[in-house]
Every structure is written in structure tokens, then in C-alpha cells.
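Q: This is entry.tsv, which holds TSV, C-alpha atoms:
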```tsv
chain	number	residue	atom	x	y	z
O	1	GLY	CA	8.43	5.95	-2.35
O	2	LEU	CA	9.76	2.54	-1.32
O	3	ASP	CA	13.33	3.84	-1.25
O	4	LYS	CA	12.30	6.74	1.00
O	5	TRP	CA	10.54	4.30	3.33
O	6	LYS	CA	13.64	2.12	3.51
O	7	GLU	CA	15.79	5.18	4.23
O	8	GLY	CA	13.40	6.09	7.02
O	9	GLN	CA	13.78	2.64	8.56
O	10	ILE	CA	17.58	2.97	8.49
O	11	LEU	CA	17.50	6.47	10.03
O	12	ASP	CA	15.08	5.42	12.77
O	13	ALA	CA	17.23	2.41	13.55
O	14	ALA	CA	20.40	4.53	13.63
O	15	PHE	CA	18.74	7.07	15.92
O	16	ASN	CA	17.79	4.31	18.35
O	17	THR	CA	21.14	2.49	18.28
O	18	PRO	CA	23.71	4.13	20.60
O	19	VAL	CA	26.90	5.20	18.86
O	20	PRO	CA	29.87	3.48	20.56
O	21	LEU	CA	31.56	6.67	21.83
O	22	PRO	CA	34.24	7.76	22.28
O	23	ASP	CA	35.92	5.36	19.86
O	24	TYR	CA	33.24	5.14	17.18
O	25	ASP	CA	35.83	5.88	14.49
O	26	ASP	CA	37.49	2.59	15.27
O	27	GLY	CA	36.82	0.24	12.38
O	28	ASP	CA	35.70	-2.73	14.42
O	29	GLN	CA	33.36	-0.71	16.64
O	30	TYR	CA	31.90	1.14	13.68
O	31	SER	CA	31.30	-2.11	11.82
O	32	ALA	CA	29.57	-3.58	14.85
O	33	TRP	CA	27.38	-0.48	15.21
O	34	ALA	CA	26.51	-0.42	11.50
O	35	SER	CA	25.64	-4.10	11.65
O	36	GLU	CA	23.26	-3.47	14.57
O	37	VAL	CA	21.61	-0.59	12.73
O	38	LYS	CA	21.03	-2.70	9.62
O	39	LYS	CA	19.72	-5.58	11.71
O	40	LEU	CA	17.25	-3.36	13.57
O	41	ALA	CA	16.09	-1.70	10.35
O	42	ALA	CA	15.54	-5.09	8.73
O	43	GLU	CA	13.55	-6.32	11.74
O	44	ARG	CA	11.34	-3.23	11.66
O	45	SER	CA	10.80	-3.50	7.91
O	46	THR	CA	9.90	-7.18	8.16
O	47	LYS	CA	7.50	-6.50	11.03
O	48	ALA	CA	5.80	-3.68	9.10
O	49	ARG	CA	5.47	-5.81	5.95
O	50	ASP	CA	4.13	-8.75	7.91
O	51	ARG	CA	1.58	-6.57	9.71
O	52	GLY	CA	0.46	-5.06	6.43
O	53	SER	CA	0.07	-8.53	4.92
O	54	GLU	CA	-1.93	-9.69	7.94
O	55	ILE	CA	-4.35	-6.78	7.63
O	56	HIS	CA	-4.73	-7.29	3.86
O	57	ASP	CA	-5.36	-11.00	4.41
O	58	ALA	CA	-7.87	-10.29	7.18
O	59	ILE	CA	-9.88	-7.92	4.99
O	60	GLU	CA	-9.86	-10.46	2.16
O	61	GLU	CA	-10.97	-13.20	4.56
O	62	TYR	CA	-13.79	-11.03	5.91
O	63	ILE	CA	-15.04	-10.18	2.42
O	64	LYS	CA	-15.09	-13.85	1.43
O	65	ARG	CA	-16.25	-15.50	4.68
O	66	GLY	CA	-17.22	-12.83	7.19
O	67	LEU	CA	-16.28	-13.14	10.86
O	68	HIS	CA	-15.95	-16.77	11.94
O	69	GLU	CA	-14.61	-18.70	14.90
O	70	ASP	CA	-11.06	-18.83	13.56
O	71	PHE	CA	-10.91	-15.13	12.72
O	72	SER	CA	-8.16	-13.28	14.60
O	73	PHE	CA	-9.68	-11.18	17.39
O	74	GLU	CA	-6.64	-8.91	17.21
O	75	LEU	CA	-7.45	-7.94	13.61
O	76	GLU	CA	-11.16	-7.24	14.08
O	77	PRO	CA	-10.65	-3.49	14.80
O	78	TYR	CA	-9.22	-3.06	11.30
O	79	ILE	CA	-12.26	-4.73	9.78
O	80	VAL	CA	-14.62	-2.56	11.83
O	81	GLY	CA	-12.68	0.57	10.92
O	82	VAL	CA	-12.58	-0.12	7.19
O	83	GLN	CA	-16.23	-1.23	7.07
O	84	SER	CA	-17.39	1.90	8.90
O	85	ALA	CA	-15.28	4.26	6.80
O	86	ILE	CA	-16.26	2.94	3.37
O	87	LYS	CA	-19.91	2.76	4.43
O	88	ASP	CA	-19.99	6.34	5.70
O	89	GLU	CA	-17.88	7.93	2.97
O	90	LEU	CA	-18.51	5.76	-0.10
O	91	GLY	CA	-21.80	4.03	0.66
O	92	LEU	CA	-20.23	0.60	0.26
O	93	ASP	CA	-20.66	-2.62	2.23
O	94	LEU	CA	-17.35	-4.41	2.69
O	95	ARG	CA	-18.93	-7.86	2.38
O	96	SER	CA	-20.41	-6.98	-1.03
O	97	LEU	CA	-17.02	-6.30	-2.63
O	98	GLU	CA	-14.89	-8.61	-4.78
O	99	ALA	CA	-11.53	-9.28	-3.16
O	100	GLU	CA	-8.11	-9.80	-4.79
O	101	THR	CA	-9.26	-9.71	-8.42
O	102	THR	CA	-6.49	-10.34	-10.95
O	103	PHE	CA	-6.30	-9.01	-14.50
O	104	ALA	CA	-3.97	-8.99	-17.50
O	105	CYS	CA	-3.96	-6.03	-19.87
O	106	GLY	CA	-3.15	-6.19	-23.57
O	107	LEU	CA	-0.72	-3.30	-23.15
O	108	GLY	CA	1.61	-5.69	-21.34
O	109	TYR	CA	0.98	-5.42	-17.63
O	110	GLY	CA	-1.25	-6.97	-15.01
O	111	GLY	CA	-2.09	-6.77	-11.35
O	112	MET	CA	-4.29	-7.73	-8.45
O	113	ILE	CA	-7.01	-5.34	-7.25
O	114	ASP	CA	-7.54	-5.33	-3.49
O	115	ALA	CA	-11.29	-4.78	-3.72
O	116	LEU	CA	-13.85	-3.64	-6.26
O	117	SER	CA	-17.56	-3.24	-6.82
O	118	ARG	CA	-18.61	-3.63	-10.44
O	119	SER	CA	-22.24	-2.71	-9.72
O	120	ASP	CA	-21.37	0.50	-7.85
O	121	GLY	CA	-18.32	1.29	-9.98
O	122	PHE	CA	-15.65	1.44	-7.27
O	123	LEU	CA	-12.05	0.27	-7.19
O	124	LEU	CA	-10.26	0.29	-3.82
O	125	ASP	CA	-6.68	-0.23	-2.72
O	126	TRP	CA	-5.73	-0.80	0.94
O	127	LYS	CA	-2.61	0.99	2.15
O	128	THR	CA	-1.37	0.05	5.62
O	129	LYS	CA	0.95	2.54	7.35
O	130	ASP	CA	3.56	1.71	9.94
O	131	LYS	CA	3.14	5.07	11.72
O	132	GLU	CA	0.12	6.93	13.03
O	133	PHE	CA	-1.27	9.83	11.00
O	134	ASP	CA	-3.68	12.69	11.59
O	135	ASP	CA	-6.04	14.64	9.36
O	136	LYS	CA	-3.21	16.91	8.18
O	137	THR	CA	-0.79	14.14	7.21
O	138	LYS	CA	-0.26	13.85	3.46
O	139	LEU	CA	-0.89	10.24	2.54
O	140	ALA	CA	-1.85	10.11	-1.15
O	141	TYR	CA	0.86	10.58	-3.77
O	142	ASP	CA	1.01	10.27	-7.55
O	143	GLU	CA	2.28	6.69	-7.45
O	144	HIS	CA	-0.87	5.63	-5.57
O	145	GLY	CA	-3.09	7.23	-8.18
O	146	MET	CA	-1.01	5.83	-11.04
O	147	GLN	CA	-1.50	2.33	-9.68
O	148	LEU	CA	-5.27	2.77	-9.47
O	149	ALA	CA	-5.48	4.41	-12.90
O	150	ALA	CA	-3.54	1.47	-14.38
O	151	TYR	CA	-5.70	-1.07	-12.58
O	152	ARG	CA	-8.89	0.69	-13.65
O	153	TYR	CA	-7.85	0.64	-17.31
O	154	GLY	CA	-6.38	-2.86	-17.22
O	155	ALA	CA	-9.48	-4.36	-15.60
O	156	GLY	CA	-11.82	-2.69	-18.11
O	157	LEU	CA	-13.41	-0.42	-15.48
O	158	LYS	CA	-12.55	2.89	-17.13
O	159	ASP	CA	-15.27	4.92	-15.39
O	160	ALA	CA	-14.84	3.44	-11.91
O	161	THR	CA	-14.29	5.69	-8.91
O	162	CYS	CA	-10.86	4.98	-7.45
O	163	ALA	CA	-9.87	5.36	-3.82
O	164	ASN	CA	-6.98	4.56	-1.52
O	165	VAL	CA	-7.97	3.42	1.97
O	166	PHE	CA	-5.15	4.23	4.39
O	167	ILE	CA	-5.01	2.19	7.61
O	168	SER	CA	-2.95	3.21	10.64
O	169	PRO	CA	-1.44	0.83	13.25
O	170	SER	CA	-4.28	1.79	15.64
O	171	ALA	CA	-6.94	1.11	12.95
O	172	LYS	CA	-7.57	4.76	12.12
O	173	ILE	CA	-8.87	5.05	8.55
O	174	ARG	CA	-8.45	7.80	5.96
O	175	ILE	CA	-9.92	7.55	2.46
O	176	HIS	CA	-8.58	9.45	-0.52
O	177	VAL	CA	-10.85	9.51	-3.57
O	178	TRP	CA	-9.07	10.44	-6.77
O	179	GLU	CA	-10.75	13.02	-9.01
O	180	PRO	CA	-11.43	11.91	-12.62
O	181	ASP	CA	-9.14	14.55	-14.14
O	182	GLU	CA	-6.34	13.47	-11.81
O	183	LEU	CA	-6.79	9.85	-12.83
O	184	ASP	CA	-6.62	10.86	-16.49
O	185	ARG	CA	-3.35	12.72	-15.86
O	186	LEU	CA	-1.90	9.83	-13.87
O	187	TRP	CA	-2.93	7.31	-16.52
O	188	ASP	CA	-0.97	9.35	-19.08
O	189	LYS	CA	1.98	9.36	-16.68
O	190	PHE	CA	1.74	5.59	-16.19
O	191	GLU	CA	1.58	4.97	-19.96
O	192	VAL	CA	4.80	6.91	-20.46
O	193	CYS	CA	6.52	4.99	-17.64
O	194	LEU	CA	5.26	1.67	-19.03
O	195	LYS	CA	6.54	2.46	-22.51
O	196	LEU	CA	9.94	3.51	-21.17
O	197	TRP	CA	10.16	0.32	-19.07
O	198	GLN	CA	9.30	-1.83	-22.10
O	199	LEU	CA	11.79	-0.05	-24.39
O	200	ASP	CA	14.53	-0.23	-21.78
O	201	ARG	CA	14.07	-4.00	-21.43
O	202	LYS	CA	13.17	-4.69	-25.08
O	203	TYR	CA	9.95	-6.17	-23.79
O	204	ASP	CA	7.36	-7.47	-26.27
O	205	SER	CA	3.96	-6.87	-24.69
O	206	SER	CA	1.91	-8.77	-27.26
O	207	PHE	CA	0.02	-11.90	-26.20
```
Just give me the structure as C-alpha cells.

A:
Amino acid sequence: GLDKWKEGQILDAAFNTPVPLPDYDDGDQYSAWASEVKKLAAERSTKARDRGSEIHDAIEEYIKRGLHEDFSFELEPYIVGVQSAIKDELGLDLRSLEAETTFACGLGYGGMIDALSRSDGFLLDWKTKDKEFDDKTKLAYDEHGMQLAAYRYGAGLKDATCANVFISPSAKIRIHVWEPDELDRLWDKFEVCLKLWQLDRKYDSSF
């Protein structure tokens, strides 16, 4: 998924960088063009990552402290959007969640959960998108569910409801709740991947 995203950044950058016709086959001109494409793609990737980090940090800050005088006005629409969506669709209050909870699993992996509710049995993962989406856009893929299934098991919340909360650049929100049978399948898939990773690297997971 990450590789496809990176490819998309390169293609978008190439599409928006004029080819130096008619002599684009010339080595020097081609190298200059390729360098510009890579530079633009890197700038876009960095901007998207930074924006995603800002939104994640803002949600964490809101959960822990609420809105305060130093809170970024620019990021408030994302808070409002997420709060409204999880309240309407999941019956959750954003301020009542635990934010950025870490865990270490005896199987040899660990992670940080974006948000969870132990009392209500929910585990949430924020996914910021760098492009707008509509109701027909496919957003949830196996790797998203595998991550949540692994987090659910590793954190000892085996019966928790797991959901990805997708956030668009304009603060549109879509929630994907994973069905229990899908999470069971994706946990099996993750276990196989984990075992292969450990065998490939001769990794001893005991601690």
C-alpha cells in the first residue's frame, strides 16, 4: 500500500512537470526533468505526512486536554468531524477515549493504538488521506484490518470492535467497522506474516 502511494506521488509529479520537448531524449535535459519530478514528489509526500501527523496530534491533544487557547483553529474542523462521526455511528465521545496507548505482545511485536475505549470495547485507528473521497471510494483494505486485528490481540482486547476512521483533506469522515469474522481471518493472515518475518530475520520473540 505504501509503495502504491509513493508511485502515485511520482506519477502525479511527472504529470505536472512539463517534459522538456523537443529534446527530452537529451541526457542533461532528461536528468534535469527527472530531478524536478523527484523533488516535487518528495515535497508532496512530506506535506501529506506532515498534515497527517498534525491531524493525529490534534486529535490526541483534544482527547487529553480538550480545546484550549493554544489549540490550532485550522485543525478544529477535523476534531468536529471526527467527534460527530464517532458519536453518530459508534455512540462514542471522543474525549472519553484513551489516546496513543502502547503495548508489547508476547508473540514478539508491539504498537501504539490511536484511540480505544476499554469500557465500550472499541479500538480505533485514524487514517488521514491526501485526496478527497466520496461514498463510493474504496478506503478499507486488508492491511488496515490486519493492523487492527494485531493491535486488538496484542493489547488483550480480543473482543473489541475495531474501526478505521478515514479523514479527508476537507475533514470529511468515513468510518469502516470490521466484522468479527473478517478480523479473525485477518488475524490469521497477520500471524502467518509475523512468523515469516521472524523466520526470515532469525528473530527470537521471547522476552

Q: Hey, what's within 10 Å of range 135-139 of chain O if we count only C-alpha atoms and toss same-chain stuff fewer than 3 positions away? As a count of residues only, please?

A: 10

Q: Would you compute the distance between CA of Asp181 in chain O and CA of Ala160 in chain O? Give it in Å to one decimal.

A: 12.7 Å

Q: Choose the residue, out of O:Leu123, O:Ala104, O:Leu183, O:Ile167, that has the smallest atom-to-atom separation from Tyr141 in chain O; count all atoms listed in the file.

A: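 Looking only at the distances to Tyr141 in chain O, the closest residue turns out to be O:Leu183.
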
Q: Using all atoms listed in the file, which of O:Ile59, O:Ser119, O:Leu124, O:Pro18 sits nearest Arg95 in chain O?

A: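 Between O:Ile59, O:Ser119, O:Leu124, O:Pro18, the residue approaching Arg95 in chain O most closely is O:Ile59.
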
Q: Name the residues within 12 Å of (16.6, -1.3, 12.4), counting all atoms listed in the file in the file's coordinates, and put them as a list in words.

A: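 Returned residue set, sorted by chain then number, is Lys6, Glu7, Gly8, Gln9, Ile10, Leu11, Asp12, Ala13, Ala14, Phe15, Asn16, Thr17, Trp33, Ala34, Ser35, Glu36, Val37, Lys38, Lys39, Leu40, Ala41, Ala42, Glu43, Arg44, Ser45, Thr46, Lys47 and Ala48 of chain O.
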
Q: I'd like to know which of O:Asp88, O:Glu100, O:Asp188, O:Glu179 is closest to Met112 in chain O, using only C-alpha atoms.

A: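 Nearest candidate to Met112 in chain O out of O:Asp88, O:Glu100, O:Asp188, O:Glu179: O:Glu100.
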
Q: Do you know which residues are at most 12 Å from Arg65 in chain O counting only C-alpha atoms, after dropping those on the same chain fewer than 6 positions away, and could you put them as a CSV table (one decimal) with C-alpha atoms, in the coordinates of the input?

A:
```csv
chain,number,residue,atom,x,y,z
O,57,ASP,CA,-5.4,-11.0,4.4
O,58,ALA,CA,-7.9,-10.3,7.2
O,59,ILE,CA,-9.9,-7.9,5.0
O,71,PHE,CA,-10.9,-15.1,12.7
O,94,LEU,CA,-17.4,-4.4,2.7
O,95,ARG,CA,-18.9,-7.9,2.4
O,96,SER,CA,-20.4,-7.0,-1.0
O,97,LEU,CA,-17.0,-6.3,-2.6
O,98,GLU,CA,-14.9,-8.6,-4.8
O,99,ALA,CA,-11.5,-9.3,-3.2
```

Q: So which one's closest to Tyr153 in chain O, O:Lys131, O:Gly111, O:Trp178, O:Ala171? Using all atoms listed in the file, please.

A: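 Of all the options, O:Gly111 lies closest to Tyr153 in chain O.
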
Q: Only C-alpha atoms, please: range 32-79 of chain O from the block, as an mmCIF file, in the first residue's frame.

A:
```cif
data_model
loop_
_atom_site.group_PDB
_atom_site.id
_atom_site.type_symbol
_atom_site.label_atom_id
_atom_site.label_comp_id
_atom_site.auth_asym_id
_atom_site.auth_seq_id
_atom_site.Cartn_x
_atom_site.Cartn_y
_atom_site.Cartn_z
ATOM 1 C CA ALA O 32 17.032 17.812 -15.042
ATOM 2 C CA TRP O 33 13.406 16.846 -15.672
ATOM 3 C CA ALA O 34 13.695 13.635 -13.637
ATOM 4 C CA SER O 35 15.279 15.581 -10.801
ATOM 5 C CA GLU O 36 12.367 18.048 -10.793
ATOM 6 C CA VAL O 37 9.843 15.204 -10.764
ATOM 7 C CA LYS O 38 11.533 13.530 -7.793
ATOM 8 C CA LYS O 39 11.797 16.837 -5.957
ATOM 9 C CA LEU O 40 8.101 17.628 -6.452
ATOM 10 C CA ALA O 41 7.056 14.111 -5.426
ATOM 11 C CA ALA O 42 9.179 14.343 -2.273
ATOM 12 C CA GLU O 43 7.670 17.732 -1.390
ATOM 13 C CA ARG O 44 4.144 16.382 -1.829
ATOM 14 C CA SER O 45 4.899 13.268 0.209
ATOM 15 C CA THR O 46 6.434 15.309 3.021
ATOM 16 C CA LYS O 47 3.481 17.702 3.032
ATOM 17 C CA ALA O 48 0.985 14.815 3.175
ATOM 18 C CA ARG O 49 2.887 13.100 6.004
ATOM 19 C CA ASP O 50 3.194 16.317 7.951
ATOM 20 C CA ARG O 51 -0.513 17.079 7.555
ATOM 21 C CA GLY O 52 -1.416 13.582 8.676
ATOM 22 C CA SER O 53 0.831 13.934 11.722
ATOM 23 C CA GLU O 54 -0.722 17.308 12.560
ATOM 24 C CA ILE O 55 -4.233 15.851 12.469
ATOM 25 C CA HIS O 56 -3.212 12.825 14.562
ATOM 26 C CA ASP O 57 -1.531 15.113 17.094
ATOM 27 C CA ALA O 58 -4.556 17.425 17.200
ATOM 28 C CA ILE O 59 -6.932 14.544 17.935
ATOM 29 C CA GLU O 60 -4.607 13.267 20.656
ATOM 30 C CA GLU O 61 -4.370 16.762 22.153
ATOM 31 C CA TYR O 62 -8.146 17.160 22.121
ATOM 32 C CA ILE O 63 -8.687 13.804 23.827
ATOM 33 C CA LYS O 64 -6.201 14.680 26.561
ATOM 34 C CA ARG O 65 -6.887 18.405 27.064
ATOM 35 C CA GLY O 66 -9.924 19.423 25.020
ATOM 36 C CA LEU O 67 -9.995 22.706 23.113
ATOM 37 C CA HIS O 68 -7.788 25.350 24.727
ATOM 38 C CA GLU O 69 -6.387 28.748 23.855
ATOM 39 C CA ASP O 70 -3.319 27.332 22.114
ATOM 40 C CA PHE O 71 -5.278 24.823 20.032
ATOM 41 C CA SER O 72 -4.879 25.365 16.279
ATOM 42 C CA PHE O 73 -8.032 26.945 14.853
ATOM 43 C CA GLU O 74 -7.133 25.453 11.471
ATOM 44 C CA LEU O 75 -7.389 21.909 12.847
ATOM 45 C CA GLU O 76 -10.687 22.297 14.694
ATOM 46 C CA PRO O 77 -12.820 21.113 11.709
ATOM 47 C CA TYR O 78 -11.101 17.721 11.901
ATOM 48 C CA ILE O 79 -11.929 17.440 15.590
#
```
